Amino acid sequence: VVMSTHFDCVPPFFPSRIEGDRLYGRGSCDAKGILAAQVAAAERLRLKGETRVGLLFVVGEERGSDGAKLANDAAAVGAKFLVNGEPTESRLGAATRGILRLKLHAEGRAAHSSFPALGISAIDKLLDALIELRQLPLPEDAILGPTHYTIGWISCGVAPNVISPSA
C-alpha cells in the first residue's frame, strides 16, 4: 500500500504567518493534515511489523503534475494499492478525474491593422479551433458525471494595431 498526497501550494506563493496557534497562508491546510495522518499511520504500521507500506509526497499538483510524472516513471514494482489523500469534505472518493492538457499553437502573418488583407490572424485561427473543440461530444461517467474542461491560458498578439502572427 502506498499512501500519497501533495504538499505544495497553489502559485503564486506568498509568505505564511503564524498568529497564536493558527497558521495562515496559501495552501497552509490543503492536504497538510492528510500528510501528517499518513506519516502517523505508516509509523504505526511499521511499529507493528508491517513493511508493505510506502509514502509518496509529490509537488506540482496545480501546474504540470511534475511530482506525479516523476513518481510514475520511478514507480515501485509490487505496489498494489494507492491511497491518494486529497481534501474531500471527509467523504471517501471512489474515483477521480484524469487530466489531458493540450497546447494549441496557431501561426498567422503579421500586418498592420490598416491593411488586414495583408495579414493572417493567428488569433482568429485559434478561436476557430477552440469553437470547434467546444462542439465535440465528450464522454460522461456514471460516478464522475460529464467531462468538463477549462481554457486556462491564452497568450497572443503583439500590439493592438497588428494582425497577430501567433497565438
# chains A, B, ... in the order shown; residues from 1 in each chain; ligands from 1

$ residues_around --residues "Val39 in chain A" --least-positions-apart "3" --cutoff "12 Å" --atoms "only C-alpha atoms" --output "ChimeraX atom specification"
/A:2-5,32-36,42-46,53-57,85

$ atom_distance --atom1 "CA of Leu138 in chain A" --atom2 "CA of Ala71 in chain A"
28.9 Å

$ residues_around --residues "range 119-131 of chain A" --least-positions-apart "2" --cutoff "8 Å" --atoms "only C-alpha atoms" --output "number ranges by chain"
A: 104-112, 115-117, 133-135, 156-157, 163-167

$ select_by_dssp --residues "range 67-132 of chain A" --states "helix (DSSP H, G or I)" --output "short mmCIF file (atom, residue, chain, number, x, y, z; two decimals) with N, CA and C atoms, in the first residue's frame"
data_model
loop_
_atom_site.label_atom_id
_atom_site.label_comp_id
_atom_site.auth_asym_id
_atom_site.auth_seq_id
_atom_site.Cartn_x
_atom_site.Cartn_y
_atom_site.Cartn_z
N GLY A 67 5.67 16.19 -9.92
CA GLY A 67 5.94 15.12 -8.96
C GLY A 67 5.28 13.82 -9.35
N ALA A 68 4.03 13.89 -9.79
CA ALA A 68 3.30 12.68 -10.19
C ALA A 68 3.96 12.04 -11.41
N LYS A 69 4.42 12.84 -12.35
CA LYS A 69 5.09 12.30 -13.53
C LYS A 69 6.37 11.57 -13.15
N LEU A 70 7.16 12.18 -12.27
CA LEU A 70 8.40 11.52 -11.82
C LEU A 70 8.07 10.25 -11.04
N ALA A 71 7.03 10.31 -10.22
CA ALA A 71 6.64 9.12 -9.45
C ALA A 71 6.20 7.99 -10.38
N ASN A 72 5.48 8.31 -11.44
CA ASN A 72 5.08 7.28 -12.41
C ASN A 72 6.29 6.64 -13.05
N ASP A 73 7.28 7.46 -13.40
CA ASP A 73 8.48 6.94 -14.04
C ASP A 73 9.29 6.04 -13.11
N PRO A 116 -5.55 44.86 -43.23
CA PRO A 116 -5.77 43.50 -42.71
C PRO A 116 -5.67 42.41 -43.77
N ALA A 117 -5.93 42.74 -45.03
CA ALA A 117 -5.85 41.73 -46.08
C ALA A 117 -4.43 41.22 -46.28
N LEU A 118 -3.44 41.97 -45.82
CA LEU A 118 -2.05 41.54 -45.95
C LEU A 118 -1.64 40.55 -44.85
N ALA A 122 -3.59 34.84 -36.45
CA ALA A 122 -3.44 33.61 -35.68
C ALA A 122 -4.51 33.53 -34.60
N ILE A 123 -4.93 34.67 -34.09
CA ILE A 123 -5.99 34.69 -33.07
C ILE A 123 -7.28 34.13 -33.65
N ASP A 124 -7.63 34.54 -34.86
CA ASP A 124 -8.85 34.01 -35.48
C ASP A 124 -8.75 32.49 -35.67
N LYS A 125 -7.58 32.02 -36.10
CA LYS A 125 -7.39 30.57 -36.26
C LYS A 125 -7.58 29.84 -34.93
N LEU A 126 -6.99 30.41 -33.87
CA LEU A 126 -7.11 29.78 -32.56
C LEU A 126 -8.56 29.79 -32.08
N LEU A 127 -9.24 30.91 -32.27
CA LEU A 127 -10.66 30.97 -31.89
C LEU A 127 -11.48 29.93 -32.64
N ASP A 128 -11.24 29.79 -33.93
CA ASP A 128 -11.96 28.78 -34.71
C ASP A 128 -11.73 27.38 -34.14
N ALA A 129 -10.48 27.07 -33.79
CA ALA A 129 -10.16 25.76 -33.23
C ALA A 129 -10.85 25.56 -31.88
N LEU A 130 -10.85 26.59 -31.04
CA LEU A 130 -11.49 26.49 -29.72
C LEU A 130 -13.00 26.31 -29.85
N ILE A 131 -13.61 27.01 -30.80
CA ILE A 131 -15.05 26.85 -31.03
C ILE A 131 -15.35 25.43 -31.48
N GLU A 132 -14.50 24.88 -32.35
CA GLU A 132 -14.71 23.51 -32.81
C GLU A 132 -14.54 22.52 -31.66
#

$ atom_distance --atom1 "CA of Gly64 in chain A" --atom2 "CA of Arg101 in chain A"
8.7 Å

$ residues_around --residues "Pro87 in chain A" --least-positions-apart "3" --cutoff "9 Å" --atoms "only C-alpha atoms" --output "NGL selection string"
:A and (30-31 or 34 or 90-91)

$ write_last_selection --atoms "N, CA and C atoms" --output "short mmCIF file (atom, residue, chain, number, x, y, z; two decimals), in the first residue's frame"
data_model
loop_
_atom_site.label_atom_id
_atom_site.label_comp_id
_atom_site.auth_asym_id
_atom_site.auth_seq_id
_atom_site.Cartn_x
_atom_site.Cartn_y
_atom_site.Cartn_z
N ASP A 30 -4.34 22.76 2.93
CA ASP A 30 -4.65 21.81 1.84
C ASP A 30 -3.71 20.62 1.91
N ALA A 31 -4.22 19.50 2.31
CA ALA A 31 -3.52 18.22 2.35
C ALA A 31 -2.45 18.11 3.44
N ILE A 34 -3.65 15.63 5.96
CA ILE A 34 -3.60 14.31 5.33
C ILE A 34 -2.17 13.77 5.36
N SER A 90 -14.31 15.20 4.05
CA SER A 90 -14.39 13.99 4.88
C SER A 90 -15.25 12.89 4.26
N ARG A 91 -15.32 12.86 2.94
CA ARG A 91 -16.03 11.79 2.23
C ARG A 91 -15.03 10.97 1.46
#

$ select_by_dssp --residues "range 13-157 of chain A" --states "strand (DSSP E or B)" --output "PyMOL selection string"
chain A and resi 17-19+22-24+54-58+82-84+107+109+111-112+120+140-141+145-146

$ atom_distance --atom1 "CA of Arg26 in chain A" --atom2 "CA of Thr96 in chain A"
23.5 Å

$ residues_around --residues "Ile143 in chain A" --least-positions-apart "5" --cutoff "12 Å" --atoms "only C-alpha atoms" --output "PyMOL selection string"
chain A and resi 93-97

$ residues_around --residues "Ser28 in chain A" --least-positions-apart "6" --cutoff "10 Å" --atoms "only C-alpha atoms" --output "ChimeraX atom specification"
/A:7-9,16-17,22
